[in-house]
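Q: I'd like to ask you about the structure that follows.
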Amino acid sequence: MTELGAQSVSDRTSRPGSAVAPPRILVVEDEAALSLLLAYNIEAEGFAVERVERGDEAELRLIESPPDLVILDWMLPGVSGLEVCRRMRAREATRTLPVIMLTARGDESERVRGLTIGADDYIVKPFSVPELMARVRALLRRSRPDRVAALLVAGDIALDRENWRVVRSSRSVHLGPTEFRLLEYLMGKPGRVFSRAQLLDGIWGLSAEIDERTVDVHVGRLRKALALAGERDPIRTIRGAGYSFDETFGKSD
Ligand code: CA
């Protein structure tokens with residue numbers, strides 16, 4: 001993420017004890033701004049990302065080192081997304097590799113063609129990034145269950161992504177969908193500080209016109225629900241920066 005001036009997320013994902021490499025996602029998109037936005041969000045999820053702009057570049061990359069998932073734009077210079085997908089399905093090494101196609105609004109017949117040609121999913125532009133990321137996670141959980149944990153555990157808190165449940169010690173923690181996503185986001189990268197703007201982008205979506213104080217409101221609700229029995233607060237407020245899930249939580253006590 002040097003382009004955005006942010007810290008390298010991949011450095012921060014390699015926590016001690018996590019020997020499993022994060023899933024790699026190839027983004028094939030010729031709109032630079034969208035490609036960057038996707039890369040940023042993919043890295044924030046803890047996945048590795050590679051970006052190419054042309055269909056023929058994608059083909060080369062897919063042959064050299066197939067990723068774990070491809071986000072493939074339909075309209076590309078060089079070779080079209082549809083053709084890239086068709087050729088992927090014809091090759092043994094990439095026959096079952098998950099593909100999410102990005103299509104333009106209204107191309108109903110093209111979408112149907114995309115799915116017939118072997119895309120696993122499609123999403124219509126303009127789309128919400130959180131929605132796309134939810135589909136990425138769902139596809140990866142199906143295709144790479146070994147690489148994407150369904151259960152996030154820190155100390156006495158366990159978050160079950162499959163069943164949308166959170167348990168603290170033995171009690172069930174009741175969270176609204178936003179608080180759940182917030183906790184999932186923070187727990188997914190313990191110690192990483194997310195600004196309010198990053199949390200808004202990642203959870204509500206970039207297009208959402210929501211005041212940053214909304215984040216504080218939901219963090220407040222999340223804290224309250226997690227510490228209903230007076231337990232330790234796992235979320236740290238970093239003044240002037242944002243929030244993070246305490247990486248020492250469950251380790252120091
Ligand atoms: Ca395009």
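Order determines the names: the first chain of the structure tokens is A, the second B, and so forth; residues in each chain are numbered 1 upward, and ligands are numbered 1 upward as they are shown.
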For Glu59 (chain A), please output as a CSV table (one decimal) with N, CA, C and O atoms, in the first residue's frame all residues within 9 Å (counting only C-alpha atoms; exclusion window: fewer than 2 positions along the same chain).
A:
```csv
chain,number,residue,atom,x,y,z
A,54,ARG,N,-4.5,-5.4,-17.3
A,54,ARG,CA,-4.9,-5.9,-18.7
A,54,ARG,C,-5.2,-7.4,-18.6
A,54,ARG,O,-4.7,-8.1,-17.8
A,55,GLY,N,-6.1,-7.8,-19.5
A,55,GLY,CA,-6.5,-9.2,-19.5
A,55,GLY,C,-5.3,-10.1,-19.9
A,55,GLY,O,-5.2,-11.2,-19.3
A,56,ASP,N,-4.4,-9.7,-20.8
A,56,ASP,CA,-3.3,-10.6,-21.1
A,56,ASP,C,-2.3,-10.7,-20.0
A,56,ASP,O,-1.7,-11.7,-19.8
A,57,GLU,N,-2.1,-9.6,-19.2
A,57,GLU,CA,-1.3,-9.6,-18.1
A,57,GLU,C,-1.8,-10.6,-17.1
A,57,GLU,O,-1.1,-11.4,-16.4
A,61,ARG,N,-0.1,-14.0,-15.3
A,61,ARG,CA,0.0,-14.1,-13.9
A,61,ARG,C,-0.7,-15.4,-13.4
A,61,ARG,O,-0.2,-16.1,-12.6
A,62,LEU,N,-1.8,-15.7,-14.1
A,62,LEU,CA,-2.5,-16.9,-13.7
A,62,LEU,C,-1.7,-18.2,-14.0
A,62,LEU,O,-1.9,-19.2,-13.4
A,63,ILE,N,-0.9,-18.1,-15.1
A,63,ILE,CA,-0.1,-19.3,-15.5
A,63,ILE,C,1.1,-19.4,-14.6
A,63,ILE,O,1.4,-20.5,-14.1
A,64,GLU,N,1.7,-18.2,-14.3
A,64,GLU,CA,3.0,-18.2,-13.5
A,64,GLU,C,2.7,-18.7,-12.1
A,64,GLU,O,3.4,-19.6,-11.6
A,79,VAL,N,-7.2,-8.7,-23.4
A,79,VAL,CA,-8.1,-9.8,-23.5
A,79,VAL,C,-9.3,-9.5,-22.5
A,79,VAL,O,-9.1,-9.1,-21.4
A,84,VAL,N,-10.7,-14.3,-20.4
A,84,VAL,CA,-9.8,-14.7,-19.3
A,84,VAL,C,-10.4,-15.8,-18.5
A,84,VAL,O,-9.8,-16.8,-18.3
A,87,ARG,N,-10.7,-19.1,-20.5
A,87,ARG,CA,-9.4,-19.8,-20.6
A,87,ARG,C,-9.0,-20.4,-19.3
A,87,ARG,O,-8.4,-21.5,-19.3
A,88,MET,N,-9.3,-19.7,-18.2
A,88,MET,CA,-9.0,-20.2,-16.9
A,88,MET,C,-9.6,-21.6,-16.7
A,88,MET,O,-9.0,-22.5,-16.2
```
Q: Give the strand (DSSP E or B) residues of region 10-99 of chain A, as DSSP finds them on the backbone, and put them as a short mmCIF file (atom, residue, chain, number, x, y, z; two decimals) with all heavy atoms, in the first residue's frame.
A:
```cif
data_model
loop_
_atom_site.label_atom_id
_atom_site.label_comp_id
_atom_site.auth_asym_id
_atom_site.auth_seq_id
_atom_site.Cartn_x
_atom_site.Cartn_y
_atom_site.Cartn_z
N ARG A 24 -4.10 -15.30 -1.38
CA ARG A 24 -3.67 -14.28 -2.34
C ARG A 24 -4.80 -14.00 -3.31
O ARG A 24 -5.40 -14.91 -3.88
CB ARG A 24 -2.46 -14.80 -3.13
CG ARG A 24 -1.13 -14.42 -2.51
CD ARG A 24 0.00 -14.60 -3.50
NE ARG A 24 -0.07 -15.84 -4.24
CZ ARG A 24 -0.03 -15.91 -5.57
NH1 ARG A 24 0.08 -14.84 -6.31
NH2 ARG A 24 -0.07 -17.07 -6.16
N ILE A 25 -5.06 -12.73 -3.54
CA ILE A 25 -6.15 -12.35 -4.44
C ILE A 25 -5.59 -11.53 -5.59
O ILE A 25 -4.82 -10.59 -5.37
CB ILE A 25 -7.22 -11.55 -3.66
CG1 ILE A 25 -7.83 -12.49 -2.60
CG2 ILE A 25 -8.29 -11.00 -4.60
CD1 ILE A 25 -8.80 -11.83 -1.67
N LEU A 26 -5.95 -11.91 -6.80
CA LEU A 26 -5.53 -11.16 -7.98
C LEU A 26 -6.67 -10.25 -8.42
O LEU A 26 -7.79 -10.72 -8.66
CB LEU A 26 -5.17 -12.14 -9.11
CG LEU A 26 -4.75 -11.51 -10.45
CD1 LEU A 26 -3.46 -10.72 -10.32
CD2 LEU A 26 -4.60 -12.58 -11.52
N VAL A 27 -6.39 -8.95 -8.48
CA VAL A 27 -7.38 -7.98 -8.94
C VAL A 27 -7.04 -7.60 -10.37
O VAL A 27 -5.95 -7.09 -10.64
CB VAL A 27 -7.39 -6.72 -8.03
CG1 VAL A 27 -8.31 -5.65 -8.60
CG2 VAL A 27 -7.80 -7.09 -6.62
N VAL A 28 -7.96 -7.86 -11.29
CA VAL A 28 -7.76 -7.51 -12.69
C VAL A 28 -8.76 -6.42 -13.03
O VAL A 28 -9.95 -6.67 -13.19
CB VAL A 28 -7.98 -8.74 -13.62
CG1 VAL A 28 -7.51 -8.41 -15.03
CG2 VAL A 28 -7.27 -9.97 -13.07
N ALA A 48 -3.40 -11.15 0.93
CA ALA A 48 -2.38 -10.57 0.06
C ALA A 48 -3.03 -10.22 -1.27
O ALA A 48 -3.97 -10.88 -1.70
CB ALA A 48 -1.24 -11.56 -0.14
N VAL A 49 -2.53 -9.18 -1.92
CA VAL A 49 -3.17 -8.75 -3.16
C VAL A 49 -2.14 -8.46 -4.24
O VAL A 49 -1.03 -8.02 -3.96
CB VAL A 49 -4.08 -7.52 -2.90
CG1 VAL A 49 -3.28 -6.31 -2.49
CG2 VAL A 49 -4.92 -7.20 -4.11
N GLU A 50 -2.51 -8.81 -5.48
CA GLU A 50 -1.72 -8.43 -6.65
C GLU A 50 -2.67 -7.74 -7.60
O GLU A 50 -3.84 -8.12 -7.70
CB GLU A 50 -1.19 -9.68 -7.35
CG GLU A 50 0.09 -10.23 -6.81
CD GLU A 50 0.50 -11.45 -7.62
OE1 GLU A 50 1.09 -11.27 -8.69
OE2 GLU A 50 0.18 -12.55 -7.18
N ARG A 51 -2.16 -6.73 -8.32
CA ARG A 51 -3.05 -6.01 -9.23
C ARG A 51 -2.48 -6.03 -10.64
O ARG A 51 -1.28 -5.81 -10.82
CB ARG A 51 -3.20 -4.56 -8.78
CG ARG A 51 -3.77 -4.39 -7.40
CD ARG A 51 -4.10 -2.96 -7.10
NE ARG A 51 -2.94 -2.10 -7.02
CZ ARG A 51 -2.84 -0.92 -7.62
NH1 ARG A 51 -3.81 -0.47 -8.38
NH2 ARG A 51 -1.75 -0.20 -7.50
N VAL A 52 -3.31 -6.27 -11.62
CA VAL A 52 -2.93 -6.08 -13.01
C VAL A 52 -4.06 -5.34 -13.71
O VAL A 52 -5.20 -5.35 -13.26
CB VAL A 52 -2.62 -7.40 -13.76
CG1 VAL A 52 -1.39 -8.08 -13.20
CG2 VAL A 52 -3.80 -8.34 -13.73
N LEU A 69 -7.91 -16.49 -5.41
CA LEU A 69 -9.19 -15.95 -5.88
C LEU A 69 -8.89 -14.83 -6.87
O LEU A 69 -7.88 -14.14 -6.74
CB LEU A 69 -10.01 -15.42 -4.70
CG LEU A 69 -11.42 -14.88 -4.98
CD1 LEU A 69 -12.37 -15.29 -3.85
CD2 LEU A 69 -11.47 -13.38 -5.13
N VAL A 70 -9.77 -14.67 -7.87
CA VAL A 70 -9.58 -13.60 -8.85
C VAL A 70 -10.80 -12.69 -8.84
O VAL A 70 -11.94 -13.16 -8.88
CB VAL A 70 -9.39 -14.16 -10.29
CG1 VAL A 70 -9.08 -13.03 -11.26
CG2 VAL A 70 -8.30 -15.20 -10.32
N ILE A 71 -10.55 -11.39 -8.76
CA ILE A 71 -11.61 -10.40 -8.99
C ILE A 71 -11.35 -9.85 -10.38
O ILE A 71 -10.30 -9.27 -10.65
CB ILE A 71 -11.57 -9.28 -7.93
CG1 ILE A 71 -11.86 -9.87 -6.54
CG2 ILE A 71 -12.60 -8.19 -8.26
CD1 ILE A 71 -11.71 -8.87 -5.40
N LEU A 72 -12.28 -10.11 -11.28
CA LEU A 72 -12.02 -9.92 -12.70
C LEU A 72 -13.02 -8.95 -13.31
O LEU A 72 -14.22 -9.21 -13.32
CB LEU A 72 -12.13 -11.31 -13.36
CG LEU A 72 -11.81 -11.49 -14.82
CD1 LEU A 72 -10.38 -11.07 -15.14
CD2 LEU A 72 -12.04 -12.95 -15.22
N ASP A 73 -12.52 -7.84 -13.81
CA ASP A 73 -13.40 -6.90 -14.49
C ASP A 73 -13.79 -7.46 -15.85
O ASP A 73 -13.03 -8.18 -16.49
CB ASP A 73 -12.69 -5.54 -14.65
CG ASP A 73 -13.61 -4.48 -15.21
OD1 ASP A 73 -14.83 -4.55 -14.94
OD2 ASP A 73 -13.12 -3.58 -15.93
N VAL A 99 -13.72 -17.15 -9.04
CA VAL A 99 -13.70 -15.91 -9.81
C VAL A 99 -14.94 -15.08 -9.47
O VAL A 99 -16.05 -15.59 -9.50
CB VAL A 99 -13.71 -16.19 -11.33
CG1 VAL A 99 -13.79 -14.90 -12.13
CG2 VAL A 99 -12.49 -17.00 -11.75
#
```
Q: What's the 10 Å shell around Pro23 (chain A), counting only C-alpha atoms, without same-chain residues fewer than 6 positions away, as a ChimeraX atom specification?
A: /A:46-49,67-69,140,144,146-148
Q: Export all heavy atoms of the chosen residues as a compact mmCIF listing (two decimals), in the first residue's frame?
A:
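File written: again_7.txt
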```txt
# COMPACT_ATOMS: atom_id res chain seq x y z
N GLY A 46 -6.48 -8.69 5.71
CA GLY A 46 -5.39 -9.61 6.02
C GLY A 46 -5.03 -10.52 4.87
O GLY A 46 -4.25 -11.47 5.04
N PHE A 47 -5.57 -10.27 3.68
CA PHE A 47 -5.22 -11.07 2.51
C PHE A 47 -4.10 -10.37 1.74
O PHE A 47 -3.91 -9.17 1.85
CB PHE A 47 -6.43 -11.24 1.58
CG PHE A 47 -7.65 -11.83 2.23
CD1 PHE A 47 -8.91 -11.38 1.90
CD2 PHE A 47 -7.53 -12.83 3.19
CE1 PHE A 47 -10.05 -11.92 2.51
CE2 PHE A 47 -8.66 -13.38 3.80
CZ PHE A 47 -9.92 -12.92 3.46
N ALA A 48 -3.40 -11.15 0.93
CA ALA A 48 -2.38 -10.57 0.06
C ALA A 48 -3.03 -10.22 -1.27
O ALA A 48 -3.97 -10.88 -1.70
CB ALA A 48 -1.24 -11.56 -0.14
N VAL A 49 -2.53 -9.18 -1.92
CA VAL A 49 -3.17 -8.75 -3.16
C VAL A 49 -2.14 -8.46 -4.24
O VAL A 49 -1.03 -8.02 -3.96
CB VAL A 49 -4.08 -7.52 -2.90
CG1 VAL A 49 -3.28 -6.31 -2.49
CG2 VAL A 49 -4.92 -7.20 -4.11
N PRO A 67 -3.41 -17.42 -8.07
CA PRO A 67 -3.76 -16.94 -6.73
C PRO A 67 -4.83 -17.84 -6.12
O PRO A 67 -5.12 -18.92 -6.65
CB PRO A 67 -4.30 -15.55 -7.02
CG PRO A 67 -4.90 -15.67 -8.38
CD PRO A 67 -4.10 -16.69 -9.12
N ASP A 68 -5.42 -17.39 -5.01
CA ASP A 68 -6.50 -18.16 -4.38
C ASP A 68 -7.88 -17.70 -4.83
O ASP A 68 -8.86 -18.41 -4.66
CB ASP A 68 -6.40 -18.04 -2.85
CG ASP A 68 -5.11 -18.66 -2.34
OD1 ASP A 68 -4.94 -19.87 -2.54
OD2 ASP A 68 -4.27 -17.95 -1.78
N LEU A 69 -7.91 -16.49 -5.41
CA LEU A 69 -9.19 -15.95 -5.88
C LEU A 69 -8.89 -14.83 -6.87
O LEU A 69 -7.88 -14.14 -6.74
CB LEU A 69 -10.01 -15.42 -4.70
CG LEU A 69 -11.42 -14.88 -4.98
CD1 LEU A 69 -12.37 -15.29 -3.85
CD2 LEU A 69 -11.47 -13.38 -5.13
N LEU A 140 -13.83 -17.69 -0.35
CA LEU A 140 -12.57 -18.23 0.17
C LEU A 140 -12.84 -19.28 1.25
O LEU A 140 -12.11 -20.26 1.35
CB LEU A 140 -11.68 -17.13 0.72
CG LEU A 140 -10.93 -16.30 -0.32
CD1 LEU A 140 -10.21 -15.14 0.35
CD2 LEU A 140 -9.94 -17.15 -1.11
N ARG A 144 -11.03 -22.38 0.35
CA ARG A 144 -9.80 -22.46 1.14
C ARG A 144 -10.10 -22.44 2.62
O ARG A 144 -9.64 -21.56 3.35
CB ARG A 144 -8.88 -21.27 0.81
CG ARG A 144 -8.31 -21.24 -0.58
CD ARG A 144 -7.03 -22.08 -0.64
NE ARG A 144 -6.36 -21.99 -1.91
CZ ARG A 144 -6.68 -22.69 -2.97
NH1 ARG A 144 -7.69 -23.54 -2.94
NH2 ARG A 144 -5.99 -22.55 -4.09
N ASP A 146 -8.96 -23.97 4.92
CA ASP A 146 -7.74 -24.04 5.73
C ASP A 146 -7.10 -22.68 5.90
O ASP A 146 -6.33 -22.45 6.83
CB ASP A 146 -6.75 -25.01 5.08
CG ASP A 146 -6.53 -24.68 3.60
OD1 ASP A 146 -7.51 -24.27 2.93
OD2 ASP A 146 -5.39 -24.82 3.12
N ARG A 147 -7.39 -21.76 4.97
CA ARG A 147 -6.69 -20.47 4.98
C ARG A 147 -7.51 -19.34 5.59
O ARG A 147 -6.98 -18.31 5.94
CB ARG A 147 -6.31 -20.07 3.54
CG ARG A 147 -5.56 -21.14 2.78
CD ARG A 147 -4.08 -21.11 3.08
NE ARG A 147 -3.45 -20.00 2.40
CZ ARG A 147 -3.04 -20.03 1.14
NH1 ARG A 147 -3.21 -21.12 0.42
NH2 ARG A 147 -2.46 -19.00 0.60
N VAL A 148 -8.80 -19.53 5.68
CA VAL A 148 -9.64 -18.48 6.25
C VAL A 148 -10.35 -19.02 7.49
O VAL A 148 -11.17 -19.91 7.40
CB VAL A 148 -10.70 -17.99 5.24
CG1 VAL A 148 -11.51 -16.84 5.83
CG2 VAL A 148 -10.04 -17.56 3.95
```
Q: Counting only C-alpha atoms and all ligand atoms, what are the residues of chain A within 10 Å of ligand 1, and for each of them which pair of atoms is the nearest and at what distance in Å, to one decimal? Sort the table by chain and rising number, as a tab-separated table.
A:
```
residue	atom	partner	partner_atom_place_in_ligand_line	distance
A:Val28	CA	ligand 1	1 (Ca)	8.7
A:Glu29	CA	ligand 1	1 (Ca)	5.8
A:Asp30	CA	ligand 1	1 (Ca)	5.0
A:Glu31	CA	ligand 1	1 (Ca)	6.0
A:Ala32	CA	ligand 1	1 (Ca)	9.6
A:Leu34	CA	ligand 1	1 (Ca)	9.7
A:Glu53	CA	ligand 1	1 (Ca)	8.5
A:Arg54	CA	ligand 1	1 (Ca)	9.0
A:Gly55	CA	ligand 1	1 (Ca)	9.9
A:Leu72	CA	ligand 1	1 (Ca)	9.1
A:Asp73	CA	ligand 1	1 (Ca)	5.6
A:Trp74	CA	ligand 1	1 (Ca)	6.3
A:Met75	CA	ligand 1	1 (Ca)	4.1
A:Leu76	CA	ligand 1	1 (Ca)	4.8
A:Pro77	CA	ligand 1	1 (Ca)	7.6
A:Ser80	CA	ligand 1	1 (Ca)	9.0
A:Gly81	CA	ligand 1	1 (Ca)	8.7
A:Leu102	CA	ligand 1	1 (Ca)	8.5
A:Thr103	CA	ligand 1	1 (Ca)	8.5
A:Ala104	CA	ligand 1	1 (Ca)	8.8
```
Q: Within 7 Å of Gly250 (chain A), counting only C-alpha atoms, which residues show up once you throw out same-chain ones fewer than 6 positions away? Write them as a PyMOL selection string, please.
A: chain A and resi 154-156
Q: Based on the selection just made, write N, CA, C and O atoms of those residues as a PDB file, in the first residue's frame.
A:
```
ATOM      1  N   ALA A 154      -9.874 -14.584  20.750  1.00  0.00           N
ATOM      2  CA  ALA A 154      -8.900 -13.793  21.512  1.00  0.00           C
ATOM      3  C   ALA A 154      -9.326 -13.858  22.965  1.00  0.00           C
ATOM      4  O   ALA A 154     -10.438 -13.439  23.311  1.00  0.00           O
ATOM      5  N   GLY A 155      -8.472 -14.385  23.804  1.00  0.00           N
ATOM      6  CA  GLY A 155      -8.808 -14.520  25.213  1.00  0.00           C
ATOM      7  C   GLY A 155     -10.113 -15.278  25.375  1.00  0.00           C
ATOM      8  O   GLY A 155     -10.270 -16.363  24.815  1.00  0.00           O
ATOM      9  N   ASP A 156     -11.054 -14.673  26.093  1.00  0.00           N
ATOM     10  CA  ASP A 156     -12.325 -15.379  26.338  1.00  0.00           C
ATOM     11  C   ASP A 156     -13.408 -14.987  25.321  1.00  0.00           C
ATOM     12  O   ASP A 156     -14.573 -15.313  25.477  1.00  0.00           O
TER      13      ASP A 156
END
```
Q: Could you go through region 38-248 of chain A and tell me which residues DSSP, when run on the backbone, assigns to alpha helix (DSSP H), listing them as a PyMOL selection string?
A: chain A and resi 38-44+55-64+81-90+108-117+129-143+177-188+196-199+213-226
Q: Using only C-alpha atoms, which of the listed residues (A:Gly78, A:Ala197, A:Pro190, A:Lys251) sits closest to Arg236 (chain A)?
A: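 Checking each of A:Gly78, A:Ala197, A:Pro190, A:Lys251 against Arg236 (chain A), counting only C-alpha atoms, the winner is A:Pro190.
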Q: I'd like the neighbourhood of Arg239 (chain A) as a VMD selection string, where a residue qualifies if any of its atoms comes within 12 Å (using only C-alpha atoms), though same-chain residues fewer than 3 positions away should be ignored.
A: chain A and resid 193 to 196 236 242 to 244
Q: What is the CA of Glu209 (chain A) to CA of Glu45 (chain A) distance in Å?
A: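 Distance between the two atoms: 22.2 Å.
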Q: Tell me, as number ranges by chain, which residues lie within 9 Å of region 213-220 of chain A, counting only C-alpha atoms; anything in the same chain fewer than 4 positions away does not count.
A: A: 178-179, 182-183, 196-197, 199-200, 224-225, 235, 243
